[in-house]
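**Student:** Mind looking over this structure? Questions follow.
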Amino acid sequence: MAQSTSLPRLLMRIAMALAALLILLTLATWLWLRQSLPILEGTLDTGALQAPVTIRRDAQGIAQIESEDRNGAAFALGFLHAQERFFQMDLLRRNSAGELAALVGSAALKHDREVRVHQFRKRAERNVAALPKAQRLLLQQYVKGVNYGLQQLGAKPWEYALLGQEPQPWTEADSMLTLFSMYLTLQSPTGQYEQRDTALAKLLPADLYQFFFPAGGSWDAPLIGKARGPVSLPQTDIASLLSDDSPIAYHRMTSEDMIIGSNNWVVGGALTADGSAILADDMHLGLTVPNIWYRASWRIPGTDRYQRGATLPGGPIAVVGSNGLVAWGFTNTGGDWGDLIPLELSDDGSQYRTPDGWRDFDIDEETIAVKDGDPETLEVRKTIWGPVVGEDYTSAPLAYRWVAHDIEGCNLNLLRMENVKSAKEALDLGPQLGIPHQNLVVGDTDGHIGWTVGGAIPRRVGFDGSRSESWADGTRHWDGYLTVAEQPRVYDPPSHRIWTANARTMDGKFLDIMGNQGYALGARQQQIRDDLFAHDQFSEKDLLDIQLDDRAVFLQRWQQSLLTLLDGDTNYRDVRDQIEQWGDRASADSVGYRIVRNYRLKFIELATAPVVTYMRRFQEGFRLNPVNRQIEYGAWAMLADEPQNLLNPEFESWHALKLAALDAVLAEMSKDGRPLSEQTWGVENTAQIHHPLARAVSAINWFTAMPAEPLSGDTHMPRVQSPNSGASERMVVSPGHEERAIFHMATGQSAHPLSPFFGNGHEDWVKGNPSPLEKRETRYELTLR
């Protein structure tokens with residue numbers, strides 16, 4: 001009896017001891033984290049400023065910098081970035097420099113090897129040396145602010161303590177590396193689209209290539225030009241791609257619009273109450289904790305106007321925003337800004353042919369440091385056109401001629417946007433901007449609007465860039481970059497509306513200039529265009545409503561086809577009811593939307609598997625996902641017309657293939673054991689917005705992850721949303737009327753989980769509640785002297 005009584009007491013004591021230990025551990029963690037909190041109030045003597053700078057922040061952490069000196073404002077912005085976001089900045093510079101393994105270990109070696117061939121650190125140092133004097137001085141002040149801000153933390157950022165590392169000081173070249181990191185995000189460092197599309201065009205029968213990979217179709221909604229016509233059914237039998245002894249390869253399809261992109265549009269003064277343009281911009285990127293952007297404003301010296309918008313920690317620039325006279329925003333173009341060059345080699349492979357004869361490769365050695373491991377030496381082979389980045393399907397080495405490699409490709413000229421006074425002046429900056437090529441959309445206080453390409457456009461000679469071709473005979477080359485007069489442009493169109501969304505914007509000569517490096521399907525762009533033409537007058541709230549438009553216009557015909565497939569089939573009665581009641585939108589609570597959306601992707605997977613199988617004979621691991629952005633046209637033709645010669649031979653009929661696709665979707669949905677009525681789109685589309693280090697240490701999610709909320713929205717509609725990518729920001733602003741402007745940002749201003757700004761504003765982003773661009777009532781004030 002005594003033994004049975006003592007056991008519960010012992011268990012109780014153990015439980016109490018564990019609880020006490022947990023409390024102590026939590027308290028210790030809290031005290032440890034507090035040491036690295038940023039400074040919000042008071043006065044600091046920097047020893048680096050000509051005049052005091054004041055930083056005011058509101059409850060959301062939106063920072064407003066007061067300084068009559070632009071260099072002083074740059075110092076303050078650097079201070080803020082370092083205090084709130086230094087680890088994020090460090091990841092950005094290491095990402096493009098190929099130096100991540102030195103911080104996190106061998107897990108990053110593969111990435112570092114792939115990136116180091118571009119030698120971006122050396123290019124960054126070269127580009128810094130080429131900066132105009134005023135920009136160099138401003139950058140130097142920003143760098144001083146970063147390092148001062150890092151020094152003023154009570155302890156190093158918590159991520160470094162977790163990794164057992166020390167943060168390294170910031171340099172001017174590091175700021176250029178943050179821009180190069182955006183190149184790696186927005187463009188392929190290996191010319192992936194061109195490489196795979198060239199192989200497809202050369203290896204597939206011509207009619208199958210044109211059918212499965214057309215240049216566009218009825219979903220196109222360009223600013224200049226028209227939608228393209230329907231695809232023609234091919235005559236080739238798809239079974240002819242298969243050999244008798246090879247099993248058919250199936251690869252899970254993801255949405256062909258699940259790409260890094262964005263939406264933006266602008267309406268002219270003729271369509272607004274006060275005659276000023278209104279611009280909307282939402283940049284779609286991967287979502288992590290913290291957000292990639294940091295919100296800040298500063299007074300433009302010599303004026304009573306402020307520069308307001310989103311900055312990229314690591315640089316002294318407002319990426320998008322308004323200067324009080326002009327507002328601007330960006331979306332990724334999808335144009336062709338690099339060329340892969342198959343090299344003609346000598347018999348022993350040591351030389352390559354050039355217009356001046358045979359030439360030896362230039363060889364550089366790059367040393368990659370590895371945390372807790374031995375350094376690795378990487379040999380970089382370089383040509384007169386660029387580094388060797390891979391091989392084509394014939395095993396020929398591929399050199400890469402890429403705008404990112406040139407001085408014109410990376411600079412600080414976006415700083416000049418702060419001082420432009422009109423939309424036309426902003427457009428003139430387009431070719432001078434050293435950024436990954438963007439659809440630059442602008443609007444001004446007088447109601448003028450415009451579009452151009454932001455970024456240097458190469459002048460191609462002897463070829464159009466659409467295919468990988470040898471440059472050895474000298475007939476193909478780049479001849480510098482286009483001038484302002486040659487750059488594509490749209491200014492004050494008669495409709496008073498401009499829209500872009502990563503799909504084709506141009507036709508004719510302008511399309512020839514821009515090229516095609518995988519334009520998105522035009523469905524999202526078309527829905528935005530139609531939303532804009534549905535009204536003749538707009539306010540900021542009207543444009544926010546378009547940003548939040550999650551209507552499933554693109555999938556309506558797939559929903560109708562699926563209903564027809566299930567007519568009279570009693571085995572699918574409940575499924576058909578859900579599809580019929582889907583709500584016509586990507587609503588988090590819709591079961592039918594999830595079924596229709598995933599049925600389409602599974603149908604494409606099953607129907608195109610013979611193409612994947614065939615291409616894997618030449619390219620191991622070939623996938624359609626990176627090159628399938630116009631696959632909708634062929635997929636719909638197969639679904640609607642059921643051509644017998646295109647039927648995957650593993651299925652006896654198109655009816656059987658369609659049911660197999662639906663059954664596979666339903667089986668996947670049922671894996672968690674929930675009934676069909678609970679299998680909503682939100683179950684699949686639940687937020688997974690985590691800190692980058694949480695991939696290695698899941699416990700970090702306990703105190704850094706954003707709530708796992710079901711999210712409305714999807715691809716192929718303005719409200720782009722997946723669990724960990726989507727609108728990194730939403731901005732709606734009329735220049736000169738910033739008090740009405742709207743700004744959403746996932747997560748919050750600060751990367752520190754104990755900061756009052758950690759997660760502030762995230763709920764507005766999730767729910768679409770209008771929230772301000774401007775700083776509101778001051779909660780914290782800090783003076784730098």
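Chains: A, B, ... in order of the structure tokens. Residues: from 1 per chain. Ligands: from 1, in order shown.
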So that I can see what lies close to Glu668 of chain A, please list as an mmCIF file with N, CA and C atoms, in the first residue's frame the residues with an atom at most 12 Å from it, counting only C-alpha atoms and leaving out residues fewer than 2 positions away in the same chain.

**Tutor:**
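And here's result00.cif as it stands now:
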data_model
loop_
_atom_site.group_PDB
_atom_site.id
_atom_site.type_symbol
_atom_site.label_atom_id
_atom_site.label_comp_id
_atom_site.auth_asym_id
_atom_site.auth_seq_id
_atom_site.Cartn_x
_atom_site.Cartn_y
_atom_site.Cartn_z
ATOM 1 N N ARG A 594 -11.079 23.249 -54.474
ATOM 2 C CA ARG A 594 -9.893 22.403 -54.327
ATOM 3 C C ARG A 594 -9.939 21.227 -55.293
ATOM 4 N N ILE A 595 -11.113 20.616 -55.446
ATOM 5 C CA ILE A 595 -11.245 19.466 -56.347
ATOM 6 C C ILE A 595 -10.963 19.881 -57.786
ATOM 7 N N ASN A 598 -7.183 20.903 -58.478
ATOM 8 C CA ASN A 598 -6.238 19.793 -58.484
ATOM 9 C C ASN A 598 -6.554 18.763 -59.568
ATOM 10 N N TYR A 599 -7.822 18.658 -59.939
ATOM 11 C CA TYR A 599 -8.188 17.782 -61.051
ATOM 12 C C TYR A 599 -7.509 18.246 -62.334
ATOM 13 N N LYS A 602 -3.825 17.266 -62.239
ATOM 14 C CA LYS A 602 -3.633 15.817 -62.368
ATOM 15 C C LYS A 602 -3.943 15.365 -63.795
ATOM 16 N N ALA A 661 -7.792 10.732 -63.074
ATOM 17 C CA ALA A 661 -7.285 11.997 -62.531
ATOM 18 C C ALA A 661 -8.122 12.430 -61.330
ATOM 19 N N LEU A 662 -9.428 12.349 -61.450
ATOM 20 C CA LEU A 662 -10.304 12.725 -60.336
ATOM 21 C C LEU A 662 -10.106 11.796 -59.147
ATOM 22 N N ASP A 663 -10.033 10.511 -59.396
ATOM 23 C CA ASP A 663 -9.841 9.553 -58.296
ATOM 24 C C ASP A 663 -8.526 9.810 -57.564
ATOM 25 N N ALA A 664 -7.491 10.144 -58.300
ATOM 26 C CA ALA A 664 -6.200 10.427 -57.671
ATOM 27 C C ALA A 664 -6.288 11.652 -56.772
ATOM 28 N N VAL A 665 -7.018 12.658 -57.220
ATOM 29 C CA VAL A 665 -7.205 13.873 -56.418
ATOM 30 C C VAL A 665 -7.979 13.549 -55.143
ATOM 31 N N LEU A 666 -9.054 12.801 -55.268
ATOM 32 C CA LEU A 666 -9.874 12.459 -54.103
ATOM 33 C C LEU A 666 -9.101 11.587 -53.120
ATOM 34 N N SER A 670 -8.145 12.519 -49.157
ATOM 35 C CA SER A 670 -8.679 11.697 -48.071
ATOM 36 C C SER A 670 -7.604 11.134 -47.149
ATOM 37 N N LYS A 671 -6.329 11.407 -47.441
ATOM 38 C CA LYS A 671 -5.250 10.788 -46.675
ATOM 39 C C LYS A 671 -5.287 11.136 -45.199
ATOM 40 N N ASP A 672 -5.766 12.335 -44.856
ATOM 41 C CA ASP A 672 -5.773 12.728 -43.441
ATOM 42 C C ASP A 672 -6.994 12.216 -42.689
ATOM 43 N N GLY A 673 -7.888 11.494 -43.385
ATOM 44 C CA GLY A 673 -9.027 10.883 -42.720
ATOM 45 C C GLY A 673 -10.229 11.773 -42.547
ATOM 46 N N ARG A 674 -10.155 13.018 -42.959
ATOM 47 C CA ARG A 674 -11.307 13.909 -42.817
ATOM 48 C C ARG A 674 -12.357 13.571 -43.870
ATOM 49 N N LEU A 676 -15.133 14.338 -46.812
ATOM 50 C CA LEU A 676 -15.041 15.210 -47.974
ATOM 51 C C LEU A 676 -15.508 16.626 -47.648
ATOM 52 N N GLN A 679 -12.770 18.874 -46.501
ATOM 53 C CA GLN A 679 -11.551 18.970 -47.302
ATOM 54 C C GLN A 679 -11.554 20.263 -48.121
ATOM 55 N N GLU A 684 -5.571 22.697 -47.652
ATOM 56 C CA GLU A 684 -4.355 22.578 -48.464
ATOM 57 C C GLU A 684 -3.573 23.888 -48.485
#

**Student:** Pick out the residues sitting within 10 Å of Ala155 of chain A, and hand them over as a PDB file with N, CA and C atoms, in the first residue's frame; count only C-alpha atoms, and ignore anything fewer than 6 positions along from it in its own chain.

**Tutor:**
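And here's selection.pdb as it stands now:
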ATOM      1  N   TRP A  32      17.605  35.889 -22.815  1.00  0.00           N
ATOM      2  CA  TRP A  32      18.616  35.828 -23.871  1.00  0.00           C
ATOM      3  C   TRP A  32      18.170  36.610 -25.106  1.00  0.00           C
ATOM      4  N   LEU A  33      16.913  36.408 -25.515  1.00  0.00           N
ATOM      5  CA  LEU A  33      16.396  37.102 -26.693  1.00  0.00           C
ATOM      6  C   LEU A  33      16.323  38.609 -26.474  1.00  0.00           C
ATOM      7  N   ARG A  34      15.982  39.034 -25.274  1.00  0.00           N
ATOM      8  CA  ARG A  34      15.833  40.464 -24.990  1.00  0.00           C
ATOM      9  C   ARG A  34      17.129  41.241 -25.230  1.00  0.00           C
ATOM     10  N   GLN A  35      18.251  40.574 -25.047  1.00  0.00           N
ATOM     11  CA  GLN A  35      19.526  41.272 -25.183  1.00  0.00           C
ATOM     12  C   GLN A  35      19.748  41.832 -26.593  1.00  0.00           C
ATOM     13  N   SER A  36      19.146  41.178 -27.596  1.00  0.00           N
ATOM     14  CA  SER A  36      19.374  41.608 -28.981  1.00  0.00           C
ATOM     15  C   SER A  36      18.232  42.437 -29.542  1.00  0.00           C
ATOM     16  N   LEU A  37      17.348  42.938 -28.672  1.00  0.00           N
ATOM     17  CA  LEU A  37      16.265  43.793 -29.136  1.00  0.00           C
ATOM     18  C   LEU A  37      16.804  45.118 -29.666  1.00  0.00           C
ATOM     19  N   PRO A  38      16.187  45.673 -30.700  1.00  0.00           N
ATOM     20  CA  PRO A  38      16.632  46.969 -31.217  1.00  0.00           C
ATOM     21  C   PRO A  38      16.303  48.113 -30.248  1.00  0.00           C
ATOM     22  N   ALA A 161      23.798  33.445 -32.418  1.00  0.00           N
ATOM     23  CA  ALA A 161      24.036  32.678 -31.194  1.00  0.00           C
ATOM     24  C   ALA A 161      23.620  31.219 -31.396  1.00  0.00           C
TER      25      ALA A 161
END

**Student:** From the list A:His716, A:His448, A:Arg401, A:Lys421, which residue is nearest Ala277 of chain A when using only C-alpha atoms?

**Tutor:** A:His448

**Student:** Would you mind writing down, as a ChimeraX atom specification, each residue of segment 304-542 of chain A that DSSP on the backbone assigns to helix (DSSP H, G or I)?

**Tutor:** /A:403-405,407-409,413-419,423-428,430-432,508-514,523-533,540-542

**Student:** Which residue out of A:Thr505, A:Ser232, A:Ser677, A:Thr715 has the minimum interatomic distance to Leu555 of chain A when only C-alpha atoms are used?

**Tutor:**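 Ranked by minimum distance to Leu555 of chain A, first place goes to A:Thr715.
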
**Student:** If we count only C-alpha atoms and set the cut-off at 8 Å, which residues sit around Gln83 of chain A, ignoring sequence neighbours fewer than 3 positions away in its own chain? Please answer as an mmCIF file with all heavy atoms, in the first residue's frame.

**Tutor:**
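What ended up in part.cif:
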data_model
loop_
_atom_site.group_PDB
_atom_site.id
_atom_site.type_symbol
_atom_site.label_atom_id
_atom_site.label_comp_id
_atom_site.auth_asym_id
_atom_site.auth_seq_id
_atom_site.Cartn_x
_atom_site.Cartn_y
_atom_site.Cartn_z
ATOM 1 N N LEU A 37 17.348 42.938 -28.672
ATOM 2 C CA LEU A 37 16.265 43.793 -29.136
ATOM 3 C C LEU A 37 16.804 45.118 -29.666
ATOM 4 O O LEU A 37 17.785 45.664 -29.132
ATOM 5 C CB LEU A 37 15.283 44.069 -27.998
ATOM 6 C CG LEU A 37 14.179 43.046 -27.772
ATOM 7 C CD1 LEU A 37 13.480 43.301 -26.442
ATOM 8 C CD2 LEU A 37 13.177 43.076 -28.919
ATOM 9 N N PRO A 38 16.187 45.673 -30.700
ATOM 10 C CA PRO A 38 16.632 46.969 -31.217
ATOM 11 C C PRO A 38 16.303 48.113 -30.248
ATOM 12 O O PRO A 38 15.420 47.991 -29.402
ATOM 13 C CB PRO A 38 15.842 47.116 -32.524
ATOM 14 C CG PRO A 38 14.642 46.238 -32.352
ATOM 15 C CD PRO A 38 15.097 45.091 -31.501
ATOM 16 N N ILE A 39 17.023 49.203 -30.407
ATOM 17 C CA ILE A 39 16.811 50.407 -29.604
ATOM 18 C C ILE A 39 15.719 51.232 -30.266
ATOM 19 O O ILE A 39 15.819 51.567 -31.459
ATOM 20 C CB ILE A 39 18.104 51.221 -29.498
ATOM 21 C CG1 ILE A 39 19.212 50.372 -28.862
ATOM 22 C CG2 ILE A 39 17.888 52.504 -28.710
ATOM 23 C CD1 ILE A 39 20.591 50.992 -28.993
ATOM 24 N N PHE A 79 21.112 51.992 -40.117
ATOM 25 C CA PHE A 79 20.981 51.693 -38.691
ATOM 26 C C PHE A 79 19.728 50.854 -38.438
ATOM 27 O O PHE A 79 19.769 49.820 -37.742
ATOM 28 C CB PHE A 79 20.927 53.004 -37.906
ATOM 29 C CG PHE A 79 20.612 52.855 -36.452
ATOM 30 C CD1 PHE A 79 21.623 52.631 -35.530
ATOM 31 C CD2 PHE A 79 19.301 52.941 -35.992
ATOM 32 C CE1 PHE A 79 21.329 52.489 -34.167
ATOM 33 C CE2 PHE A 79 19.001 52.797 -34.653
ATOM 34 C CZ PHE A 79 20.028 52.570 -33.734
ATOM 35 N N LEU A 80 18.602 51.263 -39.010
ATOM 36 C CA LEU A 80 17.343 50.540 -38.826
ATOM 37 C C LEU A 80 17.416 49.129 -39.394
ATOM 38 O O LEU A 80 16.987 48.160 -38.755
ATOM 39 C CB LEU A 80 16.196 51.311 -39.491
ATOM 40 C CG LEU A 80 15.734 52.590 -38.810
ATOM 41 C CD1 LEU A 80 14.833 53.398 -39.745
ATOM 42 C CD2 LEU A 80 14.999 52.268 -37.518
ATOM 43 N N PHE A 86 19.422 42.329 -39.555
ATOM 44 C CA PHE A 86 20.774 42.071 -40.036
ATOM 45 C C PHE A 86 20.954 40.644 -40.536
ATOM 46 O O PHE A 86 21.626 40.409 -41.547
ATOM 47 C CB PHE A 86 21.829 42.375 -38.963
ATOM 48 C CG PHE A 86 23.225 42.309 -39.503
ATOM 49 C CD1 PHE A 86 23.764 43.387 -40.185
ATOM 50 C CD2 PHE A 86 23.993 41.153 -39.382
ATOM 51 C CE1 PHE A 86 25.048 43.320 -40.729
ATOM 52 C CE2 PHE A 86 25.274 41.084 -39.917
ATOM 53 C CZ PHE A 86 25.797 42.174 -40.590
ATOM 54 N N VAL A 146 24.736 50.837 -41.031
ATOM 55 C CA VAL A 146 24.523 49.407 -40.782
ATOM 56 C C VAL A 146 25.455 48.921 -39.674
ATOM 57 O O VAL A 146 25.025 48.289 -38.698
ATOM 58 C CB VAL A 146 24.749 48.583 -42.067
ATOM 59 C CG1 VAL A 146 24.755 47.082 -41.737
ATOM 60 C CG2 VAL A 146 23.669 48.874 -43.103
ATOM 61 N N GLY A 149 24.590 50.358 -36.311
ATOM 62 C CA GLY A 149 23.383 49.725 -35.775
ATOM 63 C C GLY A 149 23.656 48.346 -35.233
ATOM 64 O O GLY A 149 23.119 47.943 -34.195
ATOM 65 N N LEU A 150 24.509 47.583 -35.913
ATOM 66 C CA LEU A 150 24.873 46.250 -35.443
ATOM 67 C C LEU A 150 25.639 46.331 -34.116
ATOM 68 O O LEU A 150 25.380 45.559 -33.182
ATOM 69 C CB LEU A 150 25.716 45.546 -36.508
ATOM 70 C CG LEU A 150 26.167 44.119 -36.215
ATOM 71 C CD1 LEU A 150 24.964 43.187 -36.058
ATOM 72 C CD2 LEU A 150 27.089 43.610 -37.336
ATOM 73 N N GLN A 152 25.401 48.592 -31.850
ATOM 74 C CA GLN A 152 24.583 49.108 -30.756
ATOM 75 C C GLN A 152 23.606 48.080 -30.192
ATOM 76 O O GLN A 152 22.945 48.343 -29.184
ATOM 77 C CB GLN A 152 23.804 50.350 -31.220
ATOM 78 C CG GLN A 152 24.678 51.554 -31.499
ATOM 79 C CD GLN A 152 25.530 51.940 -30.301
ATOM 80 O OE1 GLN A 152 25.009 52.176 -29.206
ATOM 81 N NE2 GLN A 152 26.837 51.978 -30.495
ATOM 82 N N LEU A 153 23.483 46.924 -30.813
ATOM 83 C CA LEU A 153 22.659 45.868 -30.232
ATOM 84 C C LEU A 153 23.312 45.370 -28.936
ATOM 85 O O LEU A 153 24.538 45.229 -28.864
ATOM 86 C CB LEU A 153 22.496 44.709 -31.213
ATOM 87 C CG LEU A 153 21.632 44.968 -32.452
ATOM 88 C CD1 LEU A 153 21.728 43.798 -33.426
ATOM 89 C CD2 LEU A 153 20.176 45.217 -32.069
#

**Student:** Do you know which residues are at most 10 Å from Tyr491 of chain A counting only C-alpha atoms, after dropping those on the same chain fewer than 2 positions away, and could you put them as a list in words?

**Tutor:** Ala423, Lys424, Leu427, Val441, Val442, Gly443, His448, Ile449, Gly450, Trp451, Thr452, Arg489, Pro493, Pro494, His496 and Ile498 of chain A

**Student:** Once you have the residues from the selection above, write them out as a short mmCIF file (atom, residue, chain, number, x, y, z; two decimals), in the first residue's frame, restricted to all heavy atoms.

**Tutor:**
data_model
loop_
_atom_site.label_atom_id
_atom_site.label_comp_id
_atom_site.auth_asym_id
_atom_site.auth_seq_id
_atom_site.Cartn_x
_atom_site.Cartn_y
_atom_site.Cartn_z
N ALA A 423 5.60 61.33 -64.59
CA ALA A 423 5.61 59.95 -65.08
C ALA A 423 6.58 59.80 -66.25
O ALA A 423 7.31 58.81 -66.34
CB ALA A 423 4.20 59.53 -65.50
N LYS A 424 6.61 60.80 -67.13
CA LYS A 424 7.52 60.72 -68.28
C LYS A 424 8.97 60.70 -67.83
O LYS A 424 9.79 59.93 -68.36
CB LYS A 424 7.28 61.91 -69.21
CG LYS A 424 8.06 61.81 -70.52
CD LYS A 424 7.73 62.97 -71.44
CE LYS A 424 8.44 62.80 -72.78
NZ LYS A 424 9.91 62.68 -72.63
N LEU A 427 9.80 57.26 -66.58
CA LEU A 427 9.99 56.29 -67.66
C LEU A 427 11.37 56.44 -68.30
O LEU A 427 11.97 55.45 -68.72
CB LEU A 427 8.90 56.46 -68.72
CG LEU A 427 7.46 56.13 -68.30
CD1 LEU A 427 6.50 56.38 -69.46
CD2 LEU A 427 7.34 54.70 -67.81
N VAL A 441 5.82 50.44 -63.88
CA VAL A 441 4.54 51.12 -64.09
C VAL A 441 4.51 52.34 -63.19
O VAL A 441 4.82 52.25 -62.00
CB VAL A 441 3.36 50.18 -63.78
CG1 VAL A 441 2.04 50.92 -63.80
CG2 VAL A 441 3.33 49.04 -64.80
N VAL A 442 4.14 53.49 -63.75
CA VAL A 442 4.21 54.75 -63.02
C VAL A 442 2.94 55.57 -63.21
O VAL A 442 2.21 55.40 -64.18
CB VAL A 442 5.43 55.59 -63.48
CG1 VAL A 442 6.73 54.82 -63.26
CG2 VAL A 442 5.31 55.99 -64.95
N GLY A 443 2.69 56.47 -62.26
CA GLY A 443 1.60 57.44 -62.36
C GLY A 443 1.97 58.68 -61.58
O GLY A 443 2.70 58.59 -60.59
N HIS A 448 -0.94 61.54 -65.34
CA HIS A 448 -0.27 60.82 -66.41
C HIS A 448 0.19 59.45 -65.92
O HIS A 448 0.57 59.28 -64.77
CB HIS A 448 0.94 61.61 -66.92
CG HIS A 448 0.59 62.96 -67.47
ND1 HIS A 448 -0.15 63.13 -68.61
CD2 HIS A 448 0.87 64.21 -67.00
CE1 HIS A 448 -0.31 64.42 -68.85
NE2 HIS A 448 0.29 65.10 -67.87
N ILE A 449 0.17 58.48 -66.84
CA ILE A 449 0.57 57.11 -66.49
C ILE A 449 1.47 56.55 -67.58
O ILE A 449 1.48 57.05 -68.72
CB ILE A 449 -0.65 56.19 -66.30
CG1 ILE A 449 -1.48 56.06 -67.59
CG2 ILE A 449 -1.53 56.68 -65.16
CD1 ILE A 449 -2.64 55.06 -67.49
N GLY A 450 2.25 55.51 -67.22
CA GLY A 450 3.13 54.94 -68.23
C GLY A 450 3.69 53.59 -67.82
O GLY A 450 3.62 53.18 -66.66
N TRP A 451 4.25 52.92 -68.82
CA TRP A 451 4.90 51.61 -68.64
C TRP A 451 6.18 51.59 -69.47
O TRP A 451 6.23 52.13 -70.59
CB TRP A 451 4.00 50.47 -69.12
CG TRP A 451 4.73 49.15 -69.29
CD1 TRP A 451 4.89 48.18 -68.36
CD2 TRP A 451 5.45 48.71 -70.45
NE1 TRP A 451 5.66 47.14 -68.87
CE2 TRP A 451 6.02 47.45 -70.15
CE3 TRP A 451 5.68 49.27 -71.72
CZ2 TRP A 451 6.78 46.73 -71.07
CZ3 TRP A 451 6.46 48.55 -72.64
CH2 TRP A 451 6.99 47.29 -72.31
N THR A 452 7.20 50.97 -68.96
CA THR A 452 8.38 50.61 -69.73
C THR A 452 9.09 49.47 -69.03
O THR A 452 8.64 49.00 -67.98
CB THR A 452 9.34 51.82 -69.91
OG1 THR A 452 10.34 51.49 -70.88
CG2 THR A 452 10.02 52.18 -68.60
N ARG A 489 7.82 51.35 -74.71
CA ARG A 489 7.16 52.29 -73.80
C ARG A 489 5.69 52.44 -74.16
O ARG A 489 5.32 52.40 -75.32
CB ARG A 489 7.84 53.66 -73.89
CG ARG A 489 7.17 54.75 -73.07
CD ARG A 489 7.85 56.10 -73.21
NE ARG A 489 9.22 56.07 -72.69
CZ ARG A 489 9.86 57.14 -72.23
NH1 ARG A 489 9.24 58.31 -72.20
NH2 ARG A 489 11.09 57.04 -71.79
N PRO A 493 -2.09 55.86 -72.46
CA PRO A 493 -2.93 55.19 -73.46
C PRO A 493 -4.35 55.74 -73.44
O PRO A 493 -4.82 56.24 -72.41
CB PRO A 493 -2.89 53.72 -73.01
CG PRO A 493 -2.62 53.80 -71.54
CD PRO A 493 -1.71 54.97 -71.35
N PRO A 494 -5.08 55.65 -74.54
CA PRO A 494 -6.45 56.20 -74.60
C PRO A 494 -7.39 55.60 -73.57
O PRO A 494 -8.35 56.26 -73.15
CB PRO A 494 -6.90 55.84 -76.03
CG PRO A 494 -5.64 55.68 -76.80
CD PRO A 494 -4.63 55.14 -75.85
N HIS A 496 -6.69 54.99 -70.52
CA HIS A 496 -6.30 55.50 -69.19
C HIS A 496 -6.03 54.36 -68.20
O HIS A 496 -6.13 54.55 -67.00
CB HIS A 496 -7.39 56.43 -68.61
CG HIS A 496 -7.80 57.51 -69.55
ND1 HIS A 496 -6.98 58.56 -69.87
CD2 HIS A 496 -8.96 57.69 -70.25
CE1 HIS A 496 -7.62 59.36 -70.73
NE2 HIS A 496 -8.81 58.85 -70.99
N ILE A 498 -3.33 50.86 -67.46
CA ILE A 498 -2.16 50.04 -67.77
C ILE A 498 -2.14 48.90 -66.76
O ILE A 498 -2.39 49.12 -65.57
CB ILE A 498 -0.85 50.87 -67.70
CG1 ILE A 498 -0.75 51.82 -68.90
CG2 ILE A 498 0.38 49.96 -67.63
CD1 ILE A 498 0.41 52.78 -68.82
#

**Student:** Please report the interatomic distance between atom CA of Val627 of chain A and atom CA of Thr198 of chain A in Å with one decimal.

**Tutor:**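 Separation of atom CA of Val627 of chain A and atom CA of Thr198 of chain A: 10.6 Å.
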
**Student:** Please provide as a list of chain:residue names all residues within 8 Å of Glu68 of chain A, with the sequence filter that same-chain residues fewer than 6 positions apart are discarded (counting only C-alpha atoms).

**Tutor:**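 The filter keeps A:Arg299, A:Ile300, A:Pro301, A:Gly302.
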
**Student:** Using only C-alpha atoms, determine which residues lie at most 12 Å from Glu125 of chain A, disregarding the query and same-chain residues fewer than 6 positions distant; provide the list as a list in words.

**Tutor:**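 My list of contacting residues is Ala97, Gln119, Leu131, Arg136, Thr171, Glu172, Ala173, Asp174, Ser175, Met176, Leu177, Ile407, Cys410 and Asn411 of chain A.
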
**Student:** Using only C-alpha atoms, pick whichever of A:Thr704, A:Thr445, A:Ser243, A:Thr383 has the shortest atom-to-atom distance to Gly324 of chain A.

**Tutor:** A:Thr445

**Student:** Would you kindly return, as a list of chain:residue names, each protein, DNA or RNA residue with an atom no farther than 7 Å from any atom of segment 691-700 of chain A, considering only C-alpha atoms and excluding same-chain residues fewer than 4 positions away?

**Tutor:**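 Once the nearby chain positions are removed, what remains is A:Thr288, A:Val289, A:Pro290, A:Thr704, A:Ala705.
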
**Student:** Atoms to include: C-alpha atoms. Write the selected residues as a compact mmCIF listing (two decimals), in the first residue's frame.

**Tutor:**
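For reference, part18.txt as written:
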# COMPACT_ATOMS: atom_id res chain seq x y z
CA THR A 288 9.35 33.99 -44.77
CA VAL A 289 9.84 35.48 -41.33
CA PRO A 290 10.74 38.30 -41.59
CA THR A 704 8.78 32.84 -34.96
CA ALA A 705 6.21 31.21 -37.28

**Student:** Taking only C-alpha atoms into account, name the residue in A:Gly386, A:Pro772, A:Pro316, A:Pro626 that is nearest to Arg70 of chain A.

**Tutor:**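 Closest residue, counting only C-alpha atoms: A:Pro316.
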
**Student:** Restricting the calculation to only C-alpha atoms: of A:Leu162, A:Ala206, A:Ala74, A:Leu186, which residue gets closest to Phe330 of chain A?

**Tutor:** A:Leu186

**Student:** Counting only C-alpha atoms, which residue out of A:Ala19, A:Ser67, A:Met258, A:Arg295 sits closest to Ser750 of chain A?

**Tutor:**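 For Ser750 of chain A, the nearest of the given residues is A:Arg295.
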